[in-house]
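Listing of upload02.txt; format and content: compact mmCIF, C-alpha atoms and all ligand atoms.
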# COMPACT_ATOMS: atom_id res chain seq x y z
CA MET A 234 -46.67 17.45 302.59
CA SER A 235 -48.41 16.99 305.92
CA ALA A 236 -48.18 13.19 306.15
CA LEU A 237 -45.00 11.67 307.51
CA THR A 238 -42.85 9.76 305.01
CA PRO A 239 -41.17 6.55 306.22
CA LEU A 240 -37.40 6.73 305.81
CA PRO A 241 -37.13 3.78 303.36
CA GLU A 242 -39.56 5.50 300.98
CA ALA A 243 -37.62 8.79 300.97
CA LEU A 244 -34.32 6.96 300.72
CA GLN A 245 -35.49 4.93 297.75
CA HIS A 246 -36.50 8.12 295.95
CA ILE A 247 -33.20 9.85 296.77
CA LEU A 248 -30.97 6.89 295.90
CA ALA A 249 -32.76 6.45 292.58
CA ALA A 250 -31.78 10.03 291.74
CA ALA A 251 -28.08 9.56 292.56
CA PRO A 252 -25.95 10.51 289.57
CA LEU A 253 -23.52 8.01 288.08
CA PRO A 254 -20.13 7.89 289.80
CA PRO A 255 -17.49 10.36 288.58
CA PRO A 256 -14.75 9.31 286.13
CA ALA A 257 -12.06 6.88 287.29
CA GLU A 258 -8.45 7.85 287.85
CA PRO A 259 -5.33 5.92 288.83
CA CYS A 260 -4.40 6.29 292.49
CA PRO A 261 -1.14 5.22 294.17
CA LEU A 262 -1.85 2.62 296.85
CA PRO A 263 -0.70 4.78 299.80
CA ASP A 264 -3.33 7.41 298.87
CA ALA A 265 -6.17 4.98 298.19
CA ARG A 266 -7.62 4.50 301.68
CA GLY A 267 -11.32 5.42 301.69
CA ARG A 268 -11.48 5.59 297.89
CA VAL A 269 -13.85 3.39 295.89
CA LEU A 270 -12.43 0.90 293.38
CA ALA A 271 -13.45 1.62 289.80
CA GLU A 272 -12.01 -1.67 288.50
CA ALA A 273 -12.36 -5.30 289.44
CA VAL A 274 -8.88 -6.35 290.53
CA THR A 275 -7.76 -9.89 289.72
CA SER A 276 -4.60 -11.47 290.99
CA PRO A 277 -1.84 -12.20 288.46
CA ILE A 278 -0.18 -14.52 290.98
CA ALA A 279 -1.03 -17.12 293.58
CA VAL A 280 -0.65 -15.89 297.17
CA PRO A 281 1.33 -17.45 298.68
CA GLY A 282 3.30 -18.35 295.59
CA ALA A 283 4.46 -21.74 296.94
CA ASP A 284 3.64 -24.24 299.66
CA ASN A 285 5.55 -22.89 302.65
CA SER A 286 6.17 -23.57 306.28
CA ALA A 287 3.80 -22.21 308.93
CA MET A 288 6.37 -22.99 311.67
CA ASP A 289 10.02 -23.04 312.53
CA GLY A 290 10.87 -26.76 312.36
CA TYR A 291 11.76 -29.53 309.94
CA ALA A 292 10.29 -30.31 306.52
CA LEU A 293 9.89 -33.97 305.61
CA ARG A 294 7.58 -36.57 304.09
CA ALA A 295 4.80 -37.14 306.63
CA ASP A 296 5.23 -40.91 306.12
CA ASP A 297 8.84 -40.65 307.37
CA ALA A 298 7.85 -39.07 310.70
CA GLY A 299 8.59 -42.25 312.71
CA LEU A 300 12.15 -42.62 311.33
CA ALA A 301 15.47 -41.15 312.37
CA LEU A 302 16.11 -38.58 309.62
CA PRO A 303 19.43 -36.99 308.69
CA VAL A 304 19.01 -33.23 308.27
CA THR A 305 20.49 -32.48 304.86
CA GLN A 306 19.71 -28.83 304.20
CA ARG A 307 18.63 -25.52 305.76
CA ILE A 308 15.94 -23.36 304.15
CA VAL A 309 15.24 -19.83 305.37
CA ALA A 310 12.45 -17.48 304.26
CA GLY A 311 13.42 -15.91 300.95
CA SER A 312 15.41 -18.91 299.73
CA CYS A 313 14.54 -22.17 297.93
CA GLY A 314 15.67 -25.64 298.99
CA GLU A 315 16.87 -28.61 296.95
CA PRO A 316 14.59 -31.62 296.28
CA LEU A 317 14.33 -33.65 299.48
CA GLU A 318 15.52 -37.27 299.34
CA PRO A 319 13.17 -39.80 301.00
CA GLY A 320 14.27 -40.58 304.53
CA THR A 321 15.81 -37.14 305.12
CA ALA A 322 14.61 -33.85 306.58
CA ALA A 323 15.33 -30.15 305.99
CA ARG A 324 15.69 -27.53 308.68
CA ILE A 325 13.05 -24.93 307.72
CA PHE A 326 11.87 -21.57 309.04
CA THR A 327 8.46 -19.88 308.97
CA GLY A 328 7.55 -18.65 305.50
CA ALA A 329 10.28 -20.62 303.69
CA PRO A 330 9.08 -22.69 300.70
CA LEU A 331 8.85 -26.44 301.22
CA PRO A 332 11.50 -28.31 299.25
CA PRO A 333 10.13 -30.54 296.45
CA GLY A 334 9.29 -33.94 297.95
CA ALA A 335 8.37 -32.66 301.44
CA ASP A 336 4.70 -32.54 302.36
CA ALA A 337 4.69 -31.63 306.07
CA VAL A 338 6.55 -29.69 308.71
CA ALA A 339 7.31 -30.92 312.23
CA MET A 340 7.39 -28.14 314.84
CA GLN A 341 10.83 -27.75 316.35
CA GLU A 342 9.23 -28.09 319.82
CA ASP A 343 8.27 -31.69 318.88
CA CYS A 344 11.75 -32.62 317.65
CA THR A 345 15.11 -33.68 319.05
CA LEU A 346 18.28 -33.32 317.02
CA ARG A 347 21.39 -35.33 317.88
CA ASP A 348 24.51 -35.43 315.71
CA GLY A 349 22.59 -34.09 312.75
CA VAL A 350 19.87 -36.74 313.02
CA LEU A 351 16.27 -35.81 313.71
CA ASN A 352 13.70 -37.69 315.80
CA ILE A 353 10.10 -36.51 315.97
CA ARG A 354 8.02 -37.22 319.04
CA THR A 355 4.62 -37.05 317.30
CA GLY A 356 2.99 -38.43 314.18
CA LEU A 357 2.53 -36.11 311.20
CA LEU A 358 -0.21 -35.86 308.59
CA PRO A 359 0.47 -34.71 305.03
CA GLY A 360 -0.08 -30.94 304.87
CA GLU A 361 0.49 -30.42 308.59
CA ASN A 362 2.02 -26.99 309.38
CA VAL A 363 2.08 -26.20 305.67
CA ARG A 364 0.48 -23.11 304.12
CA PRO A 365 -0.55 -24.31 300.67
CA ARG A 366 0.20 -22.30 297.54
CA GLY A 367 -2.72 -19.98 296.69
CA GLN A 368 -4.52 -20.50 300.03
CA ASP A 369 -5.07 -16.73 300.28
CA LEU A 370 -5.66 -16.00 296.59
CA ALA A 371 -5.44 -18.28 293.57
CA ALA A 372 -3.78 -16.94 290.42
CA GLY A 373 -6.53 -15.32 288.32
CA ALA A 374 -8.94 -14.97 291.28
CA GLU A 375 -10.87 -11.74 291.82
CA VAL A 376 -9.17 -9.89 294.66
CA LEU A 377 -11.75 -7.10 295.07
CA PRO A 378 -14.73 -6.07 292.92
CA ALA A 379 -15.40 -2.63 291.49
CA GLY A 380 -17.43 -0.59 293.99
CA TRP A 381 -15.38 -1.75 296.99
CA ARG A 382 -14.50 1.00 299.44
CA LEU A 383 -10.84 0.52 300.33
CA ARG A 384 -9.90 0.00 303.96
CA PRO A 385 -6.35 -0.48 305.27
CA GLN A 386 -6.58 -4.28 305.06
CA ASP A 387 -7.75 -4.00 301.44
CA LEU A 388 -4.67 -1.95 300.59
CA GLY A 389 -2.59 -4.72 302.14
CA LEU A 390 -4.35 -7.32 300.02
CA LEU A 391 -3.84 -5.30 296.83
CA ALA A 392 -0.16 -4.92 297.69
CA SER A 393 0.10 -8.69 298.25
CA VAL A 394 -0.76 -9.28 294.59
CA GLY A 395 1.76 -6.67 293.47
CA ARG A 396 -0.48 -3.68 292.79
CA ALA A 397 1.17 -0.29 293.38
CA SER A 398 -1.79 1.70 292.12
CA VAL A 399 -5.47 1.07 291.41
CA ASP A 400 -8.20 2.80 289.45
CA VAL A 401 -10.60 4.59 291.79
CA TYR A 402 -13.43 7.03 291.22
CA ARG A 403 -12.51 10.69 291.40
CA ARG A 404 -13.03 12.25 294.81
CA LEU A 405 -16.40 13.97 295.18
CA ARG A 406 -16.59 17.67 296.06
CA VAL A 407 -19.40 18.61 298.40
CA ALA A 408 -20.32 22.19 299.31
CA ILE A 409 -21.81 22.80 302.75
CA LEU A 410 -23.80 25.84 303.88
CA SER A 411 -24.85 26.61 307.45
CA THR A 412 -28.04 28.66 307.44
CA GLY A 413 -29.19 30.83 310.31
CA ASP A 414 -29.03 34.45 311.49
CA GLU A 415 -28.21 33.16 314.96
CA LEU A 416 -24.94 31.50 313.94
CA VAL A 417 -21.46 32.70 314.85
CA GLU A 418 -18.20 30.95 313.93
CA PRO A 419 -16.25 29.72 316.94
CA GLY A 420 -13.12 31.84 317.20
CA SER A 421 -14.83 35.00 316.04
CA GLY A 422 -15.60 36.40 319.48
CA GLU A 423 -18.06 36.05 322.30
CA LEU A 424 -21.70 35.29 321.72
CA ALA A 425 -24.18 38.16 321.77
CA PRO A 426 -27.53 37.31 323.38
CA GLY A 427 -29.57 34.99 321.19
CA MET A 428 -26.60 33.82 319.16
CA LEU A 429 -24.96 30.39 319.11
CA TYR A 430 -21.82 28.90 317.65
CA ASN A 431 -22.07 27.12 314.33
CA SER A 432 -21.55 23.48 315.24
CA ASN A 433 -23.18 21.79 312.26
CA ARG A 434 -20.40 22.96 309.97
CA TYR A 435 -17.86 20.94 311.93
CA THR A 436 -20.00 17.85 312.31
CA LEU A 437 -20.80 17.86 308.60
CA ALA A 438 -17.29 18.63 307.41
CA GLY A 439 -15.92 15.81 309.54
CA LEU A 440 -18.54 13.30 308.40
CA LEU A 441 -17.80 14.19 304.79
CA ALA A 442 -14.04 14.03 305.24
CA ALA A 443 -14.42 10.58 306.82
CA LEU A 444 -16.11 9.49 303.60
CA GLY A 445 -13.13 10.69 301.58
CA VAL A 446 -15.05 13.67 300.23
CA GLU A 447 -13.47 17.04 299.47
CA VAL A 448 -15.40 19.65 301.46
CA VAL A 449 -16.04 23.14 300.15
CA ASP A 450 -17.28 25.29 303.03
CA GLY A 451 -19.65 28.03 301.95
CA GLY A 452 -19.83 29.43 305.48
CA ILE A 453 -22.84 30.88 307.29
CA VAL A 454 -25.82 32.02 305.24
CA PRO A 455 -28.15 34.61 306.79
CA ASP A 456 -31.90 34.01 306.85
CA ASP A 457 -32.59 36.17 303.85
CA PRO A 458 -34.05 35.09 300.50
CA GLY A 459 -31.51 36.87 298.27
CA ALA A 460 -28.49 35.83 300.34
CA THR A 461 -29.76 32.26 300.46
CA ARG A 462 -30.29 32.17 296.68
CA ARG A 463 -26.83 33.59 295.94
CA ALA A 464 -25.13 31.20 298.38
CA LEU A 465 -26.94 28.21 296.90
CA GLN A 466 -26.05 29.26 293.37
CA ASP A 467 -22.39 29.85 294.27
CA ALA A 468 -22.20 26.54 296.10
CA THR A 469 -23.03 24.60 292.95
CA ALA A 470 -19.91 25.82 291.12
CA GLY A 471 -17.56 22.85 290.80
CA SER A 472 -19.53 20.79 293.33
CA ASP A 473 -21.02 17.32 292.98
CA LEU A 474 -23.52 17.96 295.78
CA VAL A 475 -24.72 20.85 297.93
CA ILE A 476 -25.72 20.17 301.55
CA THR A 477 -27.34 22.76 303.79
CA SER A 478 -28.24 22.63 307.46
CA GLY A 479 -31.26 24.45 308.83
CA GLY A 480 -33.83 26.62 307.13
CA VAL A 481 -35.82 23.76 305.57
CA SER A 482 -38.83 23.90 307.86
CA VAL A 483 -41.83 25.88 306.74
CA GLY A 484 -41.29 28.83 309.10
CA GLU A 485 -41.12 32.41 307.83
CA GLU A 486 -37.36 32.45 308.37
CA ASP A 487 -36.78 29.20 306.50
CA HIS A 488 -35.72 30.28 303.03
CA VAL A 489 -33.88 27.29 301.67
CA ARG A 490 -36.87 25.48 300.23
CA ALA A 491 -38.27 28.50 298.36
CA GLN A 492 -34.89 29.49 296.95
CA VAL A 493 -33.99 25.99 295.77
CA LEU A 494 -37.39 25.92 294.07
CA ARG A 495 -36.51 29.17 292.26
CA LEU A 496 -33.21 27.70 291.07
CA GLY A 497 -34.30 24.15 290.36
CA GLU A 498 -36.61 21.52 291.77
CA LEU A 499 -37.16 20.04 295.18
CA SER A 500 -39.08 17.50 297.22
CA LEU A 501 -39.64 18.17 300.89
CA TRP A 502 -40.46 15.43 303.31
CA LYS A 503 -41.48 15.29 306.87
CA LEU A 504 -39.57 12.12 307.55
CA ALA A 505 -41.07 9.67 310.00
CA ILE A 506 -37.82 9.59 312.00
CA LYS A 507 -36.78 11.13 315.28
CA PRO A 508 -34.62 13.15 315.47
CA GLY A 509 -34.66 14.77 312.05
CA LYS A 510 -38.11 15.46 310.65
CA PRO A 511 -37.74 17.99 307.81
CA LEU A 512 -35.53 16.93 304.92
CA ALA A 513 -35.32 18.33 301.42
CA PHE A 514 -33.87 16.79 298.28
CA GLY A 515 -33.68 18.31 294.85
CA HIS A 516 -31.45 19.81 292.21
CA ILE A 517 -29.99 23.25 291.64
CA GLY A 518 -29.34 23.22 287.93
CA ASN A 519 -28.11 19.67 287.59
CA VAL A 520 -26.29 19.57 290.94
CA PRO A 521 -28.06 17.45 293.56
CA PHE A 522 -29.11 19.24 296.71
CA LEU A 523 -29.76 17.87 300.21
CA GLY A 524 -31.33 20.11 302.83
CA LEU A 525 -30.77 18.67 306.30
CA PRO A 526 -32.56 19.90 309.42
CA GLY A 527 -30.86 22.49 311.63
CA ASN A 528 -30.84 20.74 314.98
CA PRO A 529 -27.33 19.41 315.58
CA THR A 530 -28.40 15.88 316.51
CA SER A 531 -30.79 15.76 313.57
CA VAL A 532 -27.91 16.75 311.30
CA TYR A 533 -25.86 13.84 312.56
CA VAL A 534 -28.67 11.31 312.26
CA THR A 535 -30.02 12.42 308.88
CA PHE A 536 -26.52 12.65 307.44
CA ASN A 537 -25.84 9.06 308.41
CA LEU A 538 -29.23 7.68 307.44
CA VAL A 539 -29.73 9.62 304.19
CA ALA A 540 -26.75 11.65 303.01
CA ARG A 541 -24.20 8.91 303.65
CA PRO A 542 -25.84 6.18 301.54
CA PHE A 543 -26.53 8.79 298.85
CA LEU A 544 -22.88 9.87 298.80
CA LEU A 545 -21.64 6.29 298.85
CA LYS A 546 -23.78 5.55 295.83
CA MET A 547 -22.52 8.70 294.10
CA GLN A 548 -18.97 7.56 294.87
CA GLY A 549 -19.68 4.28 293.08
CA ALA A 550 -19.75 2.15 296.23
CA THR A 551 -21.99 -0.91 296.25
CA SER A 552 -22.36 -1.33 300.02
CA LEU A 553 -24.47 1.60 301.21
CA VAL A 554 -25.77 0.84 304.69
CA PRO A 555 -24.03 -0.19 307.91
CA PRO A 556 -24.70 -3.59 309.49
CA VAL A 557 -27.61 -3.72 311.93
CA LEU A 558 -26.65 -5.37 315.21
CA ARG A 559 -28.76 -6.50 318.15
CA ALA A 560 -28.66 -5.59 321.82
CA ARG A 561 -31.07 -5.93 324.72
CA ALA A 562 -32.92 -2.78 325.69
CA GLY A 563 -31.83 -1.30 329.00
CA PHE A 564 -34.83 1.04 328.78
CA SER A 565 -38.53 0.89 328.10
CA VAL A 566 -40.80 2.78 325.72
CA ASP A 567 -44.35 2.70 327.06
CA ARG A 568 -46.08 4.94 324.54
CA PRO A 569 -45.69 4.07 320.86
CA GLY A 570 -44.42 7.01 318.79
CA GLY A 571 -45.53 8.15 315.36
CA ARG A 572 -41.95 8.17 314.07
CA CYS A 573 -39.07 5.70 314.08
CA ASP A 574 -36.90 6.79 316.99
CA TYR A 575 -33.11 6.63 316.81
CA LEU A 576 -32.26 6.69 320.50
CA ARG A 577 -28.74 7.58 321.51
CA VAL A 578 -27.49 4.72 323.71
CA SER A 579 -24.34 3.43 325.37
CA LEU A 580 -23.58 -0.27 325.22
CA GLU A 581 -22.91 -2.02 328.48
CA GLN A 582 -21.22 -5.40 328.09
CA THR A 583 -22.85 -8.05 330.27
CA VAL A 584 -22.54 -11.84 330.43
CA ASP A 585 -25.79 -11.99 328.44
CA GLY A 586 -24.41 -9.72 325.71
CA PRO A 587 -24.66 -5.97 325.16
CA VAL A 588 -27.34 -3.92 326.89
CA ALA A 589 -28.34 -0.57 325.38
CA ARG A 590 -28.54 2.18 328.01
CA ARG A 591 -30.56 5.17 326.88
CA PHE A 592 -28.92 8.60 327.18
CA ASP A 593 -31.07 10.74 329.49
CA ASN A 594 -31.74 13.71 327.25
CA GLN A 595 -32.90 12.70 323.78
CA SER A 596 -33.74 16.23 322.61
CA SER A 597 -32.70 16.86 319.00
CA GLY A 598 -30.78 19.95 320.12
CA VAL A 599 -28.58 18.00 322.54
CA LEU A 600 -25.49 17.15 320.50
CA SER A 601 -23.75 15.74 323.55
CA SER A 602 -26.26 12.86 323.37
CA VAL A 603 -24.42 11.71 320.23
CA CYS A 604 -20.98 12.33 321.67
CA TYR A 605 -21.61 10.51 324.95
CA SER A 606 -23.24 7.52 323.24
CA GLN A 607 -21.89 4.61 321.26
CA ALA A 608 -24.86 3.60 319.15
CA LEU A 609 -28.34 4.42 317.93
CA ALA A 610 -31.06 2.04 319.12
CA VAL A 611 -33.86 1.84 316.57
CA VAL A 612 -37.39 1.90 317.97
CA PRO A 613 -39.84 1.57 315.05
CA ALA A 614 -42.89 3.82 314.76
CA GLY A 615 -45.80 2.33 316.69
CA ALA A 616 -43.57 0.05 318.76
CA THR A 617 -43.29 -0.21 322.51
CA VAL A 618 -40.25 -1.64 324.24
CA THR A 619 -39.96 -3.53 327.49
CA ALA A 620 -36.57 -3.60 329.18
CA GLY A 621 -34.80 -6.76 328.06
CA ASP A 622 -36.40 -6.79 324.58
CA PRO A 623 -34.04 -7.14 321.63
CA VAL A 624 -33.49 -3.85 319.78
CA ASP A 625 -31.68 -3.07 316.53
CA ILE A 626 -28.46 -1.13 316.99
CA LEU A 627 -26.40 1.01 314.62
CA LEU A 628 -22.87 1.52 315.91
CA LEU A 629 -21.93 5.20 315.70
CA ASP A 630 -18.31 4.60 314.85
CA LEU A 631 -19.19 2.31 311.97
CA PHE A 632 -20.95 5.24 310.36
P1 LIG A 701 -33.85 25.62 311.69
O1 LIG A 701 -34.21 24.36 311.01
O2 LIG A 701 -33.06 26.54 310.84
O3 LIG A 701 -35.04 26.26 312.32
O4 LIG A 701 -32.89 25.20 312.89
C1 LIG A 701 -33.35 24.37 313.92
C2 LIG A 701 -32.50 24.54 315.16
O5 LIG A 701 -31.17 24.15 314.87
C3 LIG A 701 -32.42 25.94 315.68
O6 LIG A 701 -32.49 25.92 317.09
C4 LIG A 701 -31.07 26.42 315.24
O7 LIG A 701 -30.53 27.40 316.08
C5 LIG A 701 -30.25 25.18 315.27
N1 LIG A 701 -29.18 25.27 314.28
C6 LIG A 701 -29.36 25.53 312.98
N2 LIG A 701 -28.18 25.56 312.34
C7 LIG A 701 -27.22 25.34 313.26
C8 LIG A 701 -25.81 25.25 313.21
N3 LIG A 701 -25.16 25.42 312.07
N4 LIG A 701 -25.14 24.97 314.35
C9 LIG A 701 -25.81 24.80 315.50
N5 LIG A 701 -27.15 24.86 315.61
C10 LIG A 701 -27.86 25.14 314.50
MG MG A 702 -32.75 28.50 310.90

Would you mind writing the file's structure down as structure tokens?
Amino acid sequence: MSALTPLPEALQHILAAAPLPPPAEPCPLPDARGRVLAEAVTSPIAVPGADNSAMDGYALRADDAGLALPVTQRIVAGSCGEPLEPGTAARIFTGAPLPPGADAVAMQEDCTLRDGVLNIRTGLLPGENVRPRGQDLAAGAEVLPAGWRLRPQDLGLLASVGRASVDVYRRLRVAILSTGDELVEPGSGELAPGMLYNSNRYTLAGLLAALGVEVVDGGIVPDDPGATRRALQDATAGSDLVITSGGVSVGEEDHVRAQVLRLGELSLWKLAIKPGKPLAFGHIGNVPFLGLPGNPTSVYVTFNLVARPFLLKMQGATSLVPPVLRARAGFSVDRPGGRCDYLRVSLEQTVDGPVARRFDNQSSGVLSSVCYSQALAVVPAGATVTAGDPVDILLLDLF
């Protein structure tokens, strides 16, 4: 309990305990953004379905490019031409299928047309300005694998092979509880001395919604053992996961750990990350439970580093972690820390690439450090940094 646990170790334990994804259900394409594919989609057709013109111009045999060519037909997108006789050309527009016999397209800018006869000012190679059949997807090719989280461009790709609906995993329901006697909901009046507005609820609900999760808000839970136990128990009803903020330290007013232990089982870690030391994971009955720290910045960081990959795995997704990028440090760290530090930074674009500028106040209570930054710069435990050193970067908006 007293030693610090490196994040990868805790994450491995937590991910191994992720339940199987929920059952699949059909989902109309317009509603499928952010959902995770439960089927491997193959294409019944080639895309594009025929060799077609990449330009407005003239279709011909590339070998005929040096000749004067009578223009014998006109082919627009959505129509099909007649077979092209050798020594002739067809007027053709972008996206229109090449007529049988043609193997290249001359751009209209390179052509002169006089009395229905075409002359081309340049040579042409076979295939020039032609989009070959199946260059995007061959018939029978896998379009997207199961476990793929659908983005707008993926919906476009699925539509391009004719899919109007896809099988996706059922949406997860996640209950959130905000623990703390000091918490007041914004909108419910002015703050009495010692009180503060519940911000974690909004950060968490938004992060969950961005993952396509249905959020069940269990509200504020007072620092009381009975109230905490009842709220935890209630939160499990119909939920795939319960997430709490606060109350997981080992202080006298931290009741979450003890009450989860009464209702189920739990591991508590002091994670070797900054911000975000205490983190609990367990089960209430058979519903997984994640206890995040209370500090608003710690909530954001631990959600993204731990809860997000866990939820993605529960959703059936196969890609669980964001890409790690590189920037040059615009700061220095002289004293090595005992924990891996996720510094809130802004990225300044310079001719030598991005430079990470450290936000002044890195306190775990300062939520504006997340809002006024663009990325987290990762400084490993035990490391020092000299300005100009390369540092790993996690982009906040990719989270
Ligand atoms: P705890 O882990 O419960 O001791 O909380 C750590 C710190 O986070 C305390 O300063 C709390 O006031 C603060 N905190 C806990 N929950 C919230 C919340 N929902 N919104 C804003 N701050 C919170
Ligand atoms: Mg508390």

Leaving out range 534-547 of chain A and any residue of its chain fewer than 2 positions from it, which residues lie within 9 Å of it when counting only C-alpha atoms, given as a PyMOL selection string? chain A and resi 240+243-244+247-248+250-255+269+382+405+437+440-441+444+446+473-474+476+506-510+512+523+525-526+529-532+549-554+575+609+632

Could you give me, as a ChimeraX atom specification, every polymer residue with an atom at most 8 Å away from an atom of ligand LIG 701 (chain A), counting all atoms listed in the file? /A:411-413,415-416,429-434,453,478-482,484,486-487,511,526-529,598

Residue with smallest distance to Ala392 in chain A - pool A:Thr583, A:Gln368, A:Asn362, A:Ser276, counting all atoms listed in the file: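 Residue with the minimum atom-to-atom distance to Ala392 in chain A: A:Ser276.
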
Counting only C-alpha atoms, the option among A:Ser312, A:Asn352, A:Ser565, A:Gln492 closest to Arg591 in chain A: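 Of the candidates, the smallest distance to Arg591 in chain A is held by A:Ser565.
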
When distances are computed from all atoms listed in the file, which of A:Val376, A:Ala408, A:Val454, A:Val394 shows the smallest separation from ligand MG 702 (chain A)? A:Val454

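Among the candidate residues A:Ala295, A:Ala464, A:Met340, A:Ala374, the one lying nearest to Gly320 in chain A is A:Ala295, with distances computed using only C-alpha atoms.
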
Identify, on the basis of all atoms listed in the file, every residue whose closest approach to Gly349 in chain A does not exceed 12 Å; exclude the query and any residue fewer than 6 positions from it along the same chain; express the result as a PDB file with C-alpha atoms, in the coordinates of the input.
ATOM      1  CA  ALA A 301      15.470 -41.150 312.370  1.00  0.00           C
ATOM      2  CA  LEU A 302      16.110 -38.580 309.620  1.00  0.00           C
ATOM      3  CA  PRO A 303      19.430 -36.990 308.690  1.00  0.00           C
ATOM      4  CA  VAL A 304      19.010 -33.230 308.270  1.00  0.00           C
ATOM      5  CA  THR A 305      20.490 -32.480 304.860  1.00  0.00           C
ATOM      6  CA  GLN A 306      19.710 -28.830 304.200  1.00  0.00           C
ATOM      7  CA  ARG A 307      18.630 -25.520 305.760  1.00  0.00           C
ATOM      8  CA  THR A 321      15.810 -37.140 305.120  1.00  0.00           C
ATOM      9  CA  ALA A 322      14.610 -33.850 306.580  1.00  0.00           C
ATOM     10  CA  ALA A 323      15.330 -30.150 305.990  1.00  0.00           C
ATOM     11  CA  ARG A 324      15.690 -27.530 308.680  1.00  0.00           C
TER      12      ARG A 324
END

Out of A:Arg577, A:Arg490, A:Arg463, A:Arg268, which residue has the shortest atom-to-atom distance to ligand MG 702 (chain A) when counting only C-alpha atoms and all ligand atoms?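 Closest to ligand MG 702 (chain A), using only C-alpha atoms and all ligand atoms: A:Arg490.
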
From the options A:Ala371, A:Val578, A:Ala560, A:Leu410, which residue's atoms come nearest to ligand MG 702 (chain A), counting only C-alpha atoms and all ligand atoms? A:Leu410

Starting from the incomplete input, reconstruct N, CA and C atoms of range 467-480 of chain A and report them as a PDB file, in the frame of the given file.
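After the write, out33.pdb holds the following:
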ATOM      1  N   ASP A 467     -23.862  29.909 294.213  1.00  0.00           N
ATOM      2  CA  ASP A 467     -22.390  29.850 294.270  1.00  0.00           C
ATOM      3  C   ASP A 467     -21.902  28.460 294.664  1.00  0.00           C
ATOM      4  N   ALA A 468     -22.653  27.836 295.570  1.00  0.00           N
ATOM      5  CA  ALA A 468     -22.200  26.540 296.100  1.00  0.00           C
ATOM      6  C   ALA A 468     -22.186  25.465 295.022  1.00  0.00           C
ATOM      7  N   THR A 469     -22.975  25.647 293.983  1.00  0.00           N
ATOM      8  CA  THR A 469     -23.030  24.600 292.950  1.00  0.00           C
ATOM      9  C   THR A 469     -21.769  24.596 292.083  1.00  0.00           C
ATOM     10  N   ALA A 470     -21.059  25.730 292.039  1.00  0.00           N
ATOM     11  CA  ALA A 470     -19.910  25.820 291.120  1.00  0.00           C
ATOM     12  C   ALA A 470     -18.861  24.773 291.485  1.00  0.00           C
ATOM     13  N   GLY A 471     -18.596  23.861 290.596  1.00  0.00           N
ATOM     14  CA  GLY A 471     -17.560  22.850 290.800  1.00  0.00           C
ATOM     15  C   GLY A 471     -17.921  21.781 291.820  1.00  0.00           C
ATOM     16  N   SER A 472     -19.166  21.764 292.296  1.00  0.00           N
ATOM     17  CA  SER A 472     -19.530  20.790 293.330  1.00  0.00           C
ATOM     18  C   SER A 472     -20.351  19.652 292.742  1.00  0.00           C
ATOM     19  N   ASP A 473     -20.210  18.482 293.369  1.00  0.00           N
ATOM     20  CA  ASP A 473     -21.020  17.320 292.980  1.00  0.00           C
ATOM     21  C   ASP A 473     -22.314  17.266 293.771  1.00  0.00           C
ATOM     22  N   LEU A 474     -22.345  17.989 294.903  1.00  0.00           N
ATOM     23  CA  LEU A 474     -23.520  17.960 295.780  1.00  0.00           C
ATOM     24  C   LEU A 474     -23.461  19.190 296.675  1.00  0.00           C
ATOM     25  N   VAL A 475     -24.628  19.758 296.962  1.00  0.00           N
ATOM     26  CA  VAL A 475     -24.720  20.850 297.930  1.00  0.00           C
ATOM     27  C   VAL A 475     -25.536  20.357 299.115  1.00  0.00           C
ATOM     28  N   ILE A 476     -24.995  20.546 300.326  1.00  0.00           N
ATOM     29  CA  ILE A 476     -25.720  20.170 301.550  1.00  0.00           C
ATOM     30  C   ILE A 476     -25.885  21.417 302.405  1.00  0.00           C
ATOM     31  N   THR A 477     -27.116  21.663 302.859  1.00  0.00           N
ATOM     32  CA  THR A 477     -27.340  22.760 303.790  1.00  0.00           C
ATOM     33  C   THR A 477     -27.801  22.201 305.122  1.00  0.00           C
ATOM     34  N   SER A 478     -27.593  22.972 306.191  1.00  0.00           N
ATOM     35  CA  SER A 478     -28.240  22.630 307.460  1.00  0.00           C
ATOM     36  C   SER A 478     -29.123  23.783 307.862  1.00  0.00           C
ATOM     37  N   GLY A 479     -30.304  23.449 308.364  1.00  0.00           N
ATOM     38  CA  GLY A 479     -31.260  24.450 308.830  1.00  0.00           C
ATOM     39  C   GLY A 479     -32.051  25.077 307.709  1.00  0.00           C
ATOM     40  N   GLY A 480     -33.067  25.819 308.094  1.00  0.00           N
ATOM     41  CA  GLY A 480     -33.830  26.620 307.130  1.00  0.00           C
ATOM     42  C   GLY A 480     -34.720  25.826 306.186  1.00  0.00           C
TER      43      GLY A 480
END
